[in-house]
>>> print(open('input09.txt').read())   # compact mmCIF, C-alpha atoms
# COMPACT_ATOMS: atom_id res chain seq x y z
CA MET A 9 0.37 10.97 -18.35
CA ARG A 10 -1.39 7.76 -17.33
CA ILE A 11 -0.91 7.19 -13.58
CA LEU A 12 -0.81 3.99 -11.58
CA HIS A 13 -1.33 4.50 -7.86
CA HIS A 14 0.59 1.69 -6.21
CA LEU A 15 2.66 0.37 -3.34
CA PRO A 16 6.02 -1.24 -4.13
CA LEU A 17 5.39 -4.45 -2.15
CA SER A 18 1.76 -4.87 -3.28
CA PRO A 19 1.64 -7.97 -5.50
CA TYR A 20 -1.59 -6.68 -7.08
CA SER A 21 0.18 -3.46 -8.08
CA ARG A 22 3.13 -5.47 -9.37
CA LYS A 23 0.86 -7.62 -11.54
CA VAL A 24 -0.63 -4.51 -13.16
CA ARG A 25 2.83 -2.95 -13.65
CA LEU A 26 3.98 -6.10 -15.44
CA ALA A 27 0.85 -6.14 -17.63
CA LEU A 28 1.25 -2.46 -18.56
CA ALA A 29 4.95 -2.85 -19.32
CA GLU A 30 4.51 -6.04 -21.35
CA LYS A 31 1.89 -4.22 -23.43
CA ARG A 32 4.31 -1.25 -23.76
CA ILE A 33 1.70 1.14 -22.33
CA PRO A 34 3.56 4.08 -20.79
CA PHE A 35 2.61 5.01 -17.22
CA GLU A 36 3.86 6.91 -14.24
CA LEU A 37 3.91 5.41 -10.74
CA LYS A 38 2.59 7.24 -7.71
CA THR A 39 3.08 5.66 -4.31
CA GLU A 40 -0.11 5.75 -2.27
CA ARG A 41 0.23 5.22 1.47
CA VAL A 42 -3.24 3.70 1.68
CA TRP A 43 -3.20 3.57 5.50
CA GLU A 44 -3.30 7.38 5.53
CA ARG A 45 -6.73 7.21 3.85
CA ARG A 46 -6.25 10.43 1.86
CA GLU A 47 -9.56 11.96 0.85
CA GLU A 48 -8.44 12.54 -2.73
CA PHE A 49 -7.53 8.87 -3.01
CA LEU A 50 -10.77 7.67 -1.36
CA ALA A 51 -12.60 9.63 -4.06
CA LEU A 52 -10.77 7.54 -6.68
CA ASN A 53 -11.32 4.25 -4.86
CA PRO A 54 -13.61 4.02 -1.81
CA ALA A 55 -12.05 0.63 -1.04
CA CYS A 56 -8.81 2.58 -0.44
CA THR A 57 -6.68 -0.15 -2.00
CA VAL A 58 -3.96 -0.09 -4.64
CA PRO A 59 -3.62 -0.42 -7.56
CA VAL A 60 -5.77 2.29 -9.14
CA LEU A 61 -5.18 3.26 -12.76
CA VAL A 62 -6.06 6.75 -13.99
CA GLU A 63 -6.06 7.09 -17.77
CA GLU A 64 -4.95 10.32 -19.45
CA ASN A 65 -8.59 11.22 -20.15
CA GLY A 66 -9.35 10.92 -16.41
CA PHE A 67 -11.00 7.49 -16.58
CA VAL A 68 -10.42 5.73 -13.25
CA ILE A 69 -10.20 1.94 -12.84
CA ALA A 70 -9.87 0.49 -9.35
CA ASP A 71 -8.97 -3.07 -8.39
CA SER A 72 -6.32 -5.20 -10.09
CA TYR A 73 -8.89 -7.62 -11.54
CA ALA A 74 -10.86 -4.77 -13.15
CA ILE A 75 -7.65 -3.10 -14.37
CA CYS A 76 -6.18 -6.23 -15.96
CA GLU A 77 -9.43 -7.15 -17.72
CA TYR A 78 -9.73 -3.53 -18.88
CA LEU A 79 -6.17 -3.50 -20.24
CA ASP A 80 -6.77 -6.62 -22.32
CA GLU A 81 -9.98 -5.10 -23.73
CA ALA A 82 -8.72 -1.57 -24.34
CA TYR A 83 -5.22 -2.57 -25.52
CA PRO A 84 -5.72 -5.96 -27.19
CA ASP A 85 -2.24 -6.13 -28.75
CA THR A 86 -0.12 -8.53 -26.72
CA PRO A 87 -3.14 -10.30 -25.21
CA LEU A 88 -2.41 -11.50 -21.69
CA ILE A 89 -5.64 -13.35 -20.83
CA GLY A 90 -5.40 -16.03 -23.50
CA ARG A 91 -6.81 -16.35 -26.99
CA THR A 92 -9.38 -19.16 -26.81
CA LEU A 93 -12.13 -19.68 -24.24
CA GLY A 94 -10.11 -22.60 -22.87
CA GLU A 95 -6.93 -20.58 -22.53
CA ARG A 96 -8.84 -17.70 -20.95
CA ALA A 97 -10.46 -19.96 -18.36
CA GLU A 98 -7.07 -21.39 -17.46
CA VAL A 99 -5.38 -17.98 -17.17
CA ARG A 100 -8.18 -16.70 -14.93
CA ARG A 101 -8.25 -19.85 -12.80
CA LEU A 102 -4.54 -19.44 -12.10
CA VAL A 103 -4.76 -15.68 -11.51
CA ALA A 104 -7.46 -16.42 -8.92
CA TRP A 105 -5.26 -19.17 -7.46
CA PHE A 106 -2.33 -16.83 -6.91
CA ASP A 107 -4.31 -13.73 -5.95
CA THR A 108 -6.54 -15.58 -3.50
CA ARG A 109 -4.98 -18.83 -2.32
CA PHE A 110 -1.27 -18.05 -2.61
CA ALA A 111 -2.02 -14.57 -1.25
CA GLY A 112 -3.86 -15.95 1.78
CA GLU A 113 -1.53 -18.84 2.51
CA VAL A 114 1.83 -17.23 1.78
CA THR A 115 1.99 -13.51 0.93
CA ARG A 116 -0.22 -12.35 3.77
CA ASN A 117 1.59 -14.50 6.31
CA LEU A 118 5.00 -13.19 5.27
CA ILE A 119 4.78 -9.70 3.73
CA TRP A 120 2.02 -8.55 6.07
CA GLU A 121 3.15 -10.24 9.27
CA ARG A 122 6.90 -9.72 8.84
CA HIS A 123 7.14 -6.36 7.15
CA LEU A 124 3.96 -4.31 7.33
CA LYS A 125 2.01 -5.15 10.49
CA ARG A 126 4.30 -3.54 13.05
CA ALA A 127 5.21 -0.65 10.74
CA LEU A 128 1.50 0.19 10.51
CA GLY A 129 0.88 -0.09 14.24
CA LYS A 130 -1.28 -3.19 13.90
CA GLY A 131 0.49 -5.22 16.56
CA ASN A 132 3.40 -7.63 16.66
CA PRO A 133 4.15 -10.23 14.00
CA ASP A 134 2.45 -13.56 14.69
CA ALA A 135 5.21 -16.18 14.72
CA ALA A 136 2.78 -19.00 13.92
CA ALA A 137 1.54 -17.14 10.83
CA ILE A 138 5.12 -16.59 9.65
CA ARG A 139 5.95 -20.27 10.12
CA ALA A 140 2.80 -21.17 8.19
CA GLY A 141 3.77 -18.77 5.41
CA TYR A 142 7.17 -20.42 4.92
CA ALA A 143 5.67 -23.91 5.12
CA ASN A 144 2.91 -23.06 2.64
CA LEU A 145 5.34 -21.55 0.15
CA LYS A 146 6.88 -24.96 -0.58
CA PRO A 147 3.81 -26.71 -2.03
CA HIS A 148 3.07 -23.54 -4.00
CA LEU A 149 6.57 -23.60 -5.50
CA ASP A 150 5.93 -27.25 -6.35
CA VAL A 151 2.71 -26.29 -8.16
CA ILE A 152 4.59 -23.61 -10.12
CA GLY A 153 7.40 -26.02 -10.91
CA TRP A 154 4.95 -28.69 -12.03
CA LEU A 155 3.06 -26.26 -14.30
CA ALA A 156 6.35 -24.89 -15.69
CA GLU A 157 7.50 -28.39 -16.61
CA GLU A 158 4.18 -29.31 -18.24
CA ARG A 159 3.76 -26.17 -20.35
CA PRO A 160 5.81 -23.39 -21.95
CA TRP A 161 4.25 -20.88 -19.53
CA LEU A 162 2.10 -21.41 -16.42
CA ALA A 163 -1.29 -21.24 -18.16
CA GLY A 164 -0.28 -22.79 -21.49
CA PRO A 165 1.50 -21.86 -24.70
CA HIS A 166 1.68 -18.10 -24.10
CA LEU A 167 3.11 -15.83 -21.45
CA SER A 168 0.01 -14.58 -19.63
CA LEU A 169 -1.38 -12.79 -16.65
CA ALA A 170 -1.07 -16.09 -14.76
CA ASP A 171 2.74 -15.79 -14.99
CA PHE A 172 2.56 -12.16 -13.94
CA ALA A 173 0.24 -12.84 -11.00
CA ALA A 174 2.57 -15.58 -9.73
CA ALA A 175 5.71 -13.53 -10.38
CA ALA A 176 4.15 -10.50 -8.70
CA HIS A 177 3.68 -12.39 -5.43
CA LEU A 178 7.06 -14.12 -5.66
CA SER A 179 8.92 -10.93 -6.52
CA ALA A 180 7.44 -9.14 -3.51
CA LEU A 181 8.49 -12.08 -1.33
CA ASP A 182 11.90 -12.17 -3.02
CA TYR A 183 12.43 -8.48 -2.28
CA ALA A 184 12.01 -9.40 1.38
CA ASN A 185 14.38 -12.37 0.87
CA ASP A 186 11.63 -14.84 1.76
CA VAL A 187 12.06 -17.29 -1.14
CA ASP A 188 14.38 -20.27 -1.04
CA TRP A 189 15.19 -20.59 -4.75
CA GLU A 190 17.14 -23.79 -4.17
CA TYR A 191 13.94 -25.60 -3.24
CA ASN A 192 12.44 -26.23 -6.71
CA ALA A 193 14.64 -25.94 -9.79
CA ALA A 194 11.76 -25.83 -12.29
CA ALA A 195 10.05 -22.99 -10.40
CA ARG A 196 13.37 -21.15 -10.27
CA ASP A 197 13.93 -21.59 -14.02
CA TRP A 198 10.43 -20.34 -14.77
CA TYR A 199 10.94 -17.31 -12.49
CA SER A 200 14.26 -16.60 -14.15
CA ARG A 201 12.51 -16.53 -17.56
CA VAL A 202 9.80 -14.14 -16.35
CA LYS A 203 12.35 -11.98 -14.53
CA SER A 204 14.37 -11.62 -17.74
CA ARG A 205 11.48 -9.96 -19.60
CA PRO A 206 12.03 -6.26 -20.25
CA ALA A 207 8.65 -5.71 -18.54
CA PHE A 208 10.23 -6.82 -15.27
CA ARG A 209 12.89 -4.09 -15.14
CA GLY A 210 10.74 -1.60 -13.27
CA LEU A 211 10.13 -4.07 -10.44
CA LEU A 212 13.81 -4.88 -10.11
CA ALA A 213 14.63 -1.19 -9.63
CA ASP A 214 12.17 -0.87 -6.71
CA ARG A 215 13.48 0.25 -3.37
CA VAL A 216 11.35 0.40 -0.23
CA SER A 217 12.62 2.72 2.47
CA GLY A 218 13.82 0.78 5.50
CA LEU A 219 13.96 -2.55 3.68
CA GLU A 220 16.94 -3.40 1.47
CA PRO A 221 16.43 -6.28 -0.97
CA PRO A 222 18.97 -9.13 -1.03
CA ALA A 223 21.76 -8.92 -3.62
CA HIS A 224 20.12 -11.54 -5.86
CA TYR A 225 16.81 -9.61 -6.07
CA ALA A 226 17.75 -7.66 -9.19
CA ASP A 227 20.19 -10.29 -10.49
CA LEU A 228 18.90 -12.05 -13.62
CA ASP A 229 21.44 -14.82 -13.00
CA PHE A 230 20.39 -15.45 -9.41
CA MET B 23 -26.40 -31.78 -19.12
CA ARG B 24 -24.22 -28.87 -18.01
CA ILE B 25 -23.27 -29.33 -14.34
CA LEU B 26 -22.47 -26.77 -11.67
CA HIS B 27 -20.66 -28.22 -8.68
CA HIS B 28 -21.68 -26.05 -5.76
CA LEU B 29 -22.50 -25.63 -2.09
CA PRO B 30 -25.84 -24.05 -1.15
CA LEU B 31 -24.37 -21.45 1.23
CA SER B 32 -21.38 -20.56 -0.98
CA PRO B 33 -21.93 -16.98 -2.21
CA TYR B 34 -19.57 -17.64 -5.13
CA SER B 35 -21.74 -20.58 -6.24
CA ARG B 36 -24.86 -18.45 -5.78
CA LYS B 37 -23.42 -15.69 -7.97
CA VAL B 38 -22.78 -18.19 -10.78
CA ARG B 39 -26.25 -19.74 -10.37
CA LEU B 40 -27.82 -16.29 -10.73
CA ALA B 41 -25.72 -15.51 -13.82
CA LEU B 42 -26.61 -18.82 -15.46
CA ALA B 43 -30.32 -18.45 -14.69
CA GLU B 44 -30.47 -14.81 -15.82
CA LYS B 45 -28.89 -15.88 -19.11
CA ARG B 46 -31.40 -18.79 -19.30
CA ILE B 47 -28.60 -21.33 -19.60
CA PRO B 48 -29.90 -24.66 -18.31
CA PHE B 49 -27.77 -26.45 -15.73
CA GLU B 50 -27.93 -29.13 -13.10
CA LEU B 51 -26.63 -28.61 -9.56
CA LYS B 52 -24.38 -31.10 -7.82
CA THR B 53 -23.52 -30.49 -4.19
CA GLU B 54 -19.80 -30.95 -3.56
CA ARG B 55 -18.74 -31.44 0.04
CA VAL B 56 -15.36 -29.86 -0.63
CA TRP B 57 -14.01 -30.73 2.82
CA GLU B 58 -14.09 -34.42 1.81
CA ARG B 59 -11.51 -33.63 -0.89
CA ARG B 60 -12.83 -36.25 -3.34
CA GLU B 61 -10.20 -37.29 -5.85
CA GLU B 62 -12.58 -36.93 -8.80
CA PHE B 63 -13.33 -33.38 -7.74
CA LEU B 64 -9.67 -32.51 -7.14
CA ALA B 65 -9.05 -33.58 -10.75
CA LEU B 66 -11.61 -30.98 -11.85
CA ASN B 67 -10.27 -28.26 -9.57
CA PRO B 68 -7.01 -28.73 -7.64
CA ALA B 69 -8.01 -25.73 -5.48
CA CYS B 70 -10.90 -27.95 -4.28
CA THR B 71 -13.32 -25.02 -4.15
CA VAL B 72 -16.80 -24.52 -5.55
CA PRO B 73 -18.17 -23.45 -7.94
CA VAL B 74 -16.89 -25.53 -10.85
CA LEU B 75 -18.82 -25.54 -14.12
CA VAL B 76 -18.62 -28.53 -16.46
CA GLU B 77 -20.03 -27.87 -19.92
CA GLU B 78 -21.82 -30.58 -21.87
CA ASN B 79 -18.74 -31.09 -24.06
CA GLY B 80 -16.66 -31.74 -20.92
CA PHE B 81 -15.00 -28.31 -20.78
CA VAL B 82 -14.23 -27.53 -17.12
CA ILE B 83 -14.11 -23.99 -15.69
CA ALA B 84 -13.06 -23.53 -12.06
CA ASP B 85 -13.36 -20.39 -9.94
CA SER B 86 -16.35 -18.03 -9.95
CA TYR B 87 -14.37 -15.19 -11.55
CA ALA B 88 -13.26 -17.41 -14.44
CA ILE B 89 -16.77 -18.87 -14.79
CA CYS B 90 -18.57 -15.51 -14.87
CA GLU B 91 -16.14 -13.99 -17.38
CA TYR B 92 -16.47 -17.16 -19.49
CA LEU B 93 -20.28 -17.02 -19.39
CA ASP B 94 -20.31 -13.42 -20.64
CA GLU B 95 -17.92 -14.34 -23.48
CA ALA B 96 -19.51 -17.65 -24.49
CA TYR B 97 -23.14 -16.55 -24.01
CA PRO B 98 -23.11 -12.82 -24.79
CA ASP B 99 -26.90 -12.43 -24.87
CA THR B 100 -28.00 -10.74 -21.65
CA PRO B 101 -24.56 -9.29 -20.94
CA LEU B 102 -23.88 -9.11 -17.21
CA ILE B 103 -20.47 -7.38 -17.15
CA GLY B 104 -21.55 -4.11 -18.74
CA ARG B 105 -21.50 -2.82 -22.28
CA THR B 106 -18.89 -0.02 -22.33
CA LEU B 107 -15.37 -0.05 -20.89
CA GLY B 108 -16.61 2.29 -18.17
CA GLU B 109 -19.55 0.08 -17.23
CA ARG B 110 -17.33 -3.00 -17.27
CA ALA B 111 -14.76 -1.41 -14.96
CA GLU B 112 -17.52 -0.46 -12.53
CA VAL B 113 -19.15 -3.91 -12.55
CA ARG B 114 -15.80 -5.57 -11.92
CA ARG B 115 -14.79 -3.09 -9.21
CA LEU B 116 -18.01 -3.88 -7.34
CA VAL B 117 -17.79 -7.64 -7.88
CA ALA B 118 -14.29 -7.47 -6.36
CA TRP B 119 -15.65 -5.30 -3.52
CA PHE B 120 -18.30 -7.86 -2.58
CA ASP B 121 -16.27 -11.01 -3.27
CA THR B 122 -13.21 -9.75 -1.40
CA ARG B 123 -14.05 -7.00 1.05
CA PHE B 124 -17.65 -7.87 1.96
CA ALA B 125 -16.64 -11.54 1.99
CA GLY B 126 -13.76 -10.93 4.39
CA GLU B 127 -15.50 -8.44 6.65
CA VAL B 128 -18.97 -9.97 6.80
CA THR B 129 -19.62 -13.34 5.12
CA ARG B 130 -16.58 -15.09 6.54
CA ASN B 131 -17.24 -13.80 10.05
CA LEU B 132 -20.86 -14.95 10.00
CA ILE B 133 -21.39 -17.90 7.64
CA TRP B 134 -18.03 -19.49 8.41
CA GLU B 135 -17.82 -18.77 12.14
CA ARG B 136 -21.47 -19.36 12.98
CA HIS B 137 -22.50 -22.15 10.66
CA LEU B 138 -19.60 -24.02 9.14
CA LYS B 139 -16.57 -23.94 11.47
CA ARG B 140 -17.87 -26.29 14.16
CA ALA B 141 -19.69 -28.49 11.66
CA LEU B 142 -16.36 -29.05 9.87
CA GLY B 143 -14.41 -29.74 13.07
CA LYS B 144 -12.38 -26.54 12.78
CA GLY B 145 -12.95 -25.39 16.35
CA ASN B 146 -15.48 -23.25 18.14
CA PRO B 147 -17.02 -20.08 16.72
CA ASP B 148 -15.04 -16.97 17.58
CA ALA B 149 -17.46 -14.57 19.32
CA ALA B 150 -15.34 -11.52 18.45
CA ALA B 151 -15.41 -12.43 14.76
CA ILE B 152 -19.20 -12.85 14.86
CA ARG B 153 -19.63 -9.47 16.56
CA ALA B 154 -17.34 -7.91 13.93
CA GLY B 155 -19.37 -9.54 11.16
CA TYR B 156 -22.63 -8.00 12.39
CA ALA B 157 -21.00 -4.61 12.95
CA ASN B 158 -19.37 -4.65 9.49
CA LEU B 159 -22.63 -5.57 7.77
CA LYS B 160 -24.16 -2.16 8.57
CA PRO B 161 -21.74 0.06 6.61
CA HIS B 162 -21.93 -2.43 3.76
CA LEU B 163 -25.73 -2.16 3.71
CA ASP B 164 -25.26 1.61 3.68
CA VAL B 165 -22.98 1.33 0.63
CA ILE B 166 -25.56 -0.82 -1.14
CA GLY B 167 -28.36 1.55 -0.19
CA TRP B 168 -26.35 4.54 -1.40
CA LEU B 169 -25.55 2.90 -4.75
CA ALA B 170 -29.17 1.78 -5.15
CA GLU B 171 -30.41 5.33 -4.61
CA GLU B 172 -27.89 6.83 -7.05
CA ARG B 173 -28.41 4.36 -9.90
CA PRO B 174 -31.04 2.00 -11.33
CA TRP B 175 -28.82 -0.97 -10.39
CA LEU B 176 -25.67 -1.17 -8.26
CA ALA B 177 -23.16 -0.69 -11.10
CA GLY B 178 -25.25 1.62 -13.29
CA PRO B 179 -28.11 1.49 -15.76
CA HIS B 180 -28.25 -2.30 -16.14
CA LEU B 181 -28.72 -5.27 -13.86
CA SER B 182 -25.22 -6.80 -13.69
CA LEU B 183 -22.94 -9.25 -12.00
CA ALA B 184 -22.39 -6.58 -9.33
CA ASP B 185 -26.02 -6.99 -8.22
CA PHE B 186 -25.66 -10.76 -8.30
CA ALA B 187 -22.40 -10.75 -6.35
CA ALA B 188 -23.94 -8.58 -3.64
CA ALA B 189 -27.21 -10.54 -3.61
CA ALA B 190 -25.31 -13.82 -3.49
CA HIS B 191 -23.58 -12.84 -0.24
CA LEU B 192 -26.71 -11.29 1.25
CA SER B 193 -28.92 -14.23 0.32
CA ALA B 194 -26.54 -16.67 1.99
CA LEU B 195 -26.57 -14.47 5.11
CA ASP B 196 -30.34 -14.10 4.85
CA TYR B 197 -30.76 -17.87 4.74
CA ALA B 198 -28.98 -17.95 8.10
CA ASN B 199 -31.23 -15.07 9.29
CA ASP B 200 -28.22 -12.80 9.73
CA VAL B 201 -29.54 -9.67 7.94
CA ASP B 202 -31.53 -6.94 9.68
CA TRP B 203 -33.61 -5.71 6.73
CA GLU B 204 -35.06 -2.85 8.80
CA TYR B 205 -31.65 -1.20 8.92
CA ASN B 206 -31.48 0.39 5.46
CA ALA B 207 -34.67 0.81 3.42
CA ALA B 208 -32.91 1.51 0.13
CA ALA B 209 -30.79 -1.63 0.44
CA ARG B 210 -33.90 -3.61 1.29
CA ASP B 211 -35.78 -2.23 -1.73
CA TRP B 212 -32.86 -3.06 -4.01
CA TYR B 213 -32.64 -6.62 -2.58
CA SER B 214 -36.38 -7.03 -3.05
CA ARG B 215 -36.01 -6.10 -6.74
CA VAL B 216 -33.16 -8.59 -7.29
CA LYS B 217 -34.98 -11.27 -5.30
CA SER B 218 -38.06 -10.88 -7.53
CA ARG B 219 -36.12 -11.85 -10.67
CA PRO B 220 -37.07 -15.28 -12.03
CA ALA B 221 -33.32 -16.07 -11.89
CA PHE B 222 -33.55 -15.95 -8.09
CA ARG B 223 -36.10 -18.74 -7.71
CA GLY B 224 -33.54 -21.55 -7.49
CA LEU B 225 -31.81 -19.87 -4.55
CA LEU B 226 -35.08 -19.37 -2.68
CA ALA B 227 -35.85 -23.08 -2.93
CA ASP B 228 -32.51 -24.04 -1.31
CA ARG B 229 -32.58 -26.07 1.85
CA VAL B 230 -29.46 -26.94 3.84
CA SER B 231 -29.78 -29.96 6.10
CA GLY B 232 -29.70 -28.93 9.76
CA LEU B 233 -30.32 -25.25 9.05
CA GLU B 234 -33.84 -23.99 8.39
CA PRO B 235 -34.11 -20.57 6.79
CA PRO B 236 -36.35 -17.93 8.42
CA ALA B 237 -39.90 -17.60 7.07
CA HIS B 238 -39.05 -14.40 5.17
CA TYR B 239 -36.15 -16.02 3.27
CA ALA B 240 -38.28 -17.11 0.29
CA ASP B 241 -40.89 -14.37 0.73
CA LEU B 242 -40.73 -11.79 -2.08
CA ASP B 243 -42.73 -9.42 0.13
CA PHE B 244 -40.40 -9.70 3.11
>>> encode(input="input09.txt", output="structure tokens")
Amino acid sequence: MRILHHLPLSPYSRKVRLALAEKRIPFELKTERVWERREEFLALNPACTVPVLVEENGFVIADSYAICEYLDEAYPDTPLIGRTLGERAEVRRLVAWFDTRFAGEVTRNLIWERHLKRALGKGNPDAAAIRAGYANLKPHLDVIGWLAEERPWLAGPHLSLADFAAAAHLSALDYANDVDWEYNAAARDWYSRVKSRPAFRGLLADRVSGLEPPAHYADLDF
Amino acid sequence: MRILHHLPLSPYSRKVRLALAEKRIPFELKTERVWERREEFLALNPACTVPVLVEENGFVIADSYAICEYLDEAYPDTPLIGRTLGERAEVRRLVAWFDTRFAGEVTRNLIWERHLKRALGKGNPDAAAIRAGYANLKPHLDVIGWLAEERPWLAGPHLSLADFAAAAHLSALDYANDVDWEYNAAARDWYSRVKSRPAFRGLLADRVSGLEPPAHYADLDF
């Protein structure tokens, strides 16, 4: 069976899980506690990060960017990176936006500082970083809301990896109850549409030991 | 004329310049002082980052990942992202390694802390970050040297975007005289091979006001 090495709160793993599920590519999840730096895992990915995809024939692809581009090339049905050069540039611009800027300004400040740092013995949460994370989330929700009002999906006419990248970060934050869904109605409506996709079901069933999600996390009518 | 909005010390801009030049795609450089947040530039790229490529027909592509993938799709001669699925996964894994890990562990700690932070009024350089940057550079040079000894080029049999991503970061650091080329002979030999490509000439002619490069910066026989 195809295996995806992942961590439940990793937005990069979540993005790949959504892409695989939307393409109806069967896979099995294996949780990789990357901080343990297992030798067998380092042999798969010297960067020691998740996600890593291992195909049934043993082909290994590390890094969510490499995996998502690979999936669209190897399994071109249900394309997720756009059809025209213009659509593709827009999908990739937005994926980079969420995986770099949103990640640095929001996800890292909240998921890392609030939920992972102390658990991994890397010191106490930095209150200023957490405040910054909450403050930064608002303009990002405004961007999502603005895009969702301008276009059928974030990058244009088709559901794409841009939606999945954004939803991957937001769903990890939502698991930790860090998103105020009252703040931007258009962003909330867009998230509700993505969350209702069958591809999303796996994420909604996630449970992280020691961290219960809020009741609305798995609720499609949140 | 095709325009690349860039900054001379931005490794992401350098990577795109190398890709364009290797593909013999003519372009004109425009320096964008992103910290000024010009409205015309924000209209091109709301993230307000370089590089941004504007094609002659007005088509705008923002973000170095989106630009490089676009270039390999729109100008497939001289492919830079590999030929097979396996080569492509390896090129992209390494591009992500240099643009994320190397960038965070080395480039940011040296280029940002030493040369940009004070100039942009963002406070004083953090001595601990600078020390970490120099310390982190060594294992990264070892990785490059190891790859260069195992394979003709970093990602495999062909010169690729992986070489350009790595050389883009190293050349920016080298401009600031931050690389000890005596440290790893294989890494130095590999860099010398990349630096000798005609595509590299534009980078070697760069001059940043207020920061002179060391004499060896433009020397192919450094």
>>> closest_atom_pairs(input="input09.txt", of="chain B", to="chain A", cutoff="10 Å", atoms="all atoms listed in the file", output="JSON lines")
{"residue": "B:Asn67", "atom": "CA", "partner": "A:Arg101", "partner_atom": "CA", "distance": 9.2}
{"residue": "B:Pro68", "atom": "CA", "partner": "A:Trp105", "partner_atom": "CA", "distance": 9.7}
{"residue": "B:Ala69", "atom": "CA", "partner": "A:Trp105", "partner_atom": "CA", "distance": 7.4}
{"residue": "B:Phe81", "atom": "CA", "partner": "A:Gly94", "partner_atom": "CA", "distance": 7.8}
{"residue": "B:Val82", "atom": "CA", "partner": "A:Ala97", "partner_atom": "CA", "distance": 8.5}
{"residue": "B:Ile83", "atom": "CA", "partner": "A:Ala97", "partner_atom": "CA", "distance": 6.1}
{"residue": "B:Ala84", "atom": "CA", "partner": "A:Arg101", "partner_atom": "CA", "distance": 6.1}
{"residue": "B:Asp85", "atom": "CA", "partner": "A:Arg101", "partner_atom": "CA", "distance": 5.9}
{"residue": "B:Ser86", "atom": "CA", "partner": "A:Arg101", "partner_atom": "CA", "distance": 8.8}
{"residue": "B:Tyr87", "atom": "CA", "partner": "A:Arg100", "partner_atom": "CA", "distance": 7.2}
{"residue": "B:Ala88", "atom": "CA", "partner": "A:Arg100", "partner_atom": "CA", "distance": 5.2}
{"residue": "B:Ile89", "atom": "CA", "partner": "A:Ala97", "partner_atom": "CA", "distance": 7.3}
{"residue": "B:Cys90", "atom": "CA", "partner": "A:Ala97", "partner_atom": "CA", "distance": 9.9}
{"residue": "B:Glu91", "atom": "CA", "partner": "A:Ala97", "partner_atom": "CA", "distance": 8.3}
{"residue": "B:Tyr92", "atom": "CA", "partner": "A:Ala97", "partner_atom": "CA", "distance": 6.7}
{"residue": "B:Leu93", "atom": "CA", "partner": "A:Leu93", "partner_atom": "CA", "distance": 9.8}
{"residue": "B:Glu95", "atom": "CA", "partner": "A:Leu93", "partner_atom": "CA", "distance": 7.9}
{"residue": "B:Ala96", "atom": "CA", "partner": "A:Leu93", "partner_atom": "CA", "distance": 7.7}
{"residue": "B:Leu107", "atom": "CA", "partner": "A:Tyr78", "partner_atom": "CA", "distance": 6.9}
{"residue": "B:Gly108", "atom": "CA", "partner": "A:Phe67", "partner_atom": "CA", "distance": 7.8}
{"residue": "B:Arg110", "atom": "CA", "partner": "A:Tyr78", "partner_atom": "CA", "distance": 7.8}
{"residue": "B:Ala111", "atom": "CA", "partner": "A:Ala74", "partner_atom": "CA", "distance": 5.5}
{"residue": "B:Glu112", "atom": "CA", "partner": "A:Ile69", "partner_atom": "CA", "distance": 7.7}
{"residue": "B:Val113", "atom": "CA", "partner": "A:Ala74", "partner_atom": "CA", "distance": 8.4}
{"residue": "B:Arg114", "atom": "CA", "partner": "A:Ala74", "partner_atom": "CA", "distance": 5.2}
{"residue": "B:Arg115", "atom": "CA", "partner": "A:Ala74", "partner_atom": "CA", "distance": 5.8}
{"residue": "B:Leu116", "atom": "CA", "partner": "A:Asp71", "partner_atom": "CA", "distance": 9.1}
{"residue": "B:Val117", "atom": "CA", "partner": "A:Ala74", "partner_atom": "CA", "distance": 9.2}
{"residue": "B:Ala118", "atom": "CA", "partner": "A:Asp71", "partner_atom": "CA", "distance": 7.2}
{"residue": "B:Trp119", "atom": "CA", "partner": "A:Ala55", "partner_atom": "CA", "distance": 7.4}
{"residue": "B:Thr122", "atom": "CA", "partner": "A:Thr108", "partner_atom": "CA", "distance": 9.1}
{"residue": "B:Arg123", "atom": "CA", "partner": "A:Ala55", "partner_atom": "CA", "distance": 8.2}
>>> atom_distance(input="input09.txt", atom1="CA of Ile25 in chain B", atom2="CA of Tyr239 in chain B")
25.6 Å
>>> residues_near_point(input="input09.txt", point="(-32.3, -14.8, -14.0)", cutoff="6 Å", atoms="all atoms listed in the file", output="PyMOL selection string")
chain B and resi 40+43-44+219-221
>>> write_last_selection(input="input09.txt", atoms="C-alpha atoms", output="short mmCIF file (atom, residue, chain, number, x, y, z; two decimals), in the frame of the given file")
data_model
loop_
_atom_site.label_atom_id
_atom_site.label_comp_id
_atom_site.auth_asym_id
_atom_site.auth_seq_id
_atom_site.Cartn_x
_atom_site.Cartn_y
_atom_site.Cartn_z
CA LEU B 40 -27.82 -16.29 -10.73
CA ALA B 43 -30.32 -18.45 -14.69
CA GLU B 44 -30.47 -14.81 -15.82
CA ARG B 219 -36.12 -11.85 -10.67
CA PRO B 220 -37.07 -15.28 -12.03
CA ALA B 221 -33.32 -16.07 -11.89
#
>>> residues_around(input="input09.txt", residues="range 26-32 of chain B", least_positions_apart="6", cutoff="6 Å", atoms="all atoms listed in the file", output="NGL selection string")
:B and (51-54 or 72-75 or 194)
>>> residues_around(input="input09.txt", residues="Tyr97 in chain B", least_positions_apart="3", cutoff="10 Å", atoms="all atoms listed in the file", output="list in words")
Leu42, Lys45, Arg46, Ile47, Glu91, Tyr92, Leu93, Asp94, Thr100 and Pro101 of chain B
>>> atom_distance(input="input09.txt", atom1="CA of Arg45 in chain A", atom2="CA of Ala137 in chain A")
26.6 Å
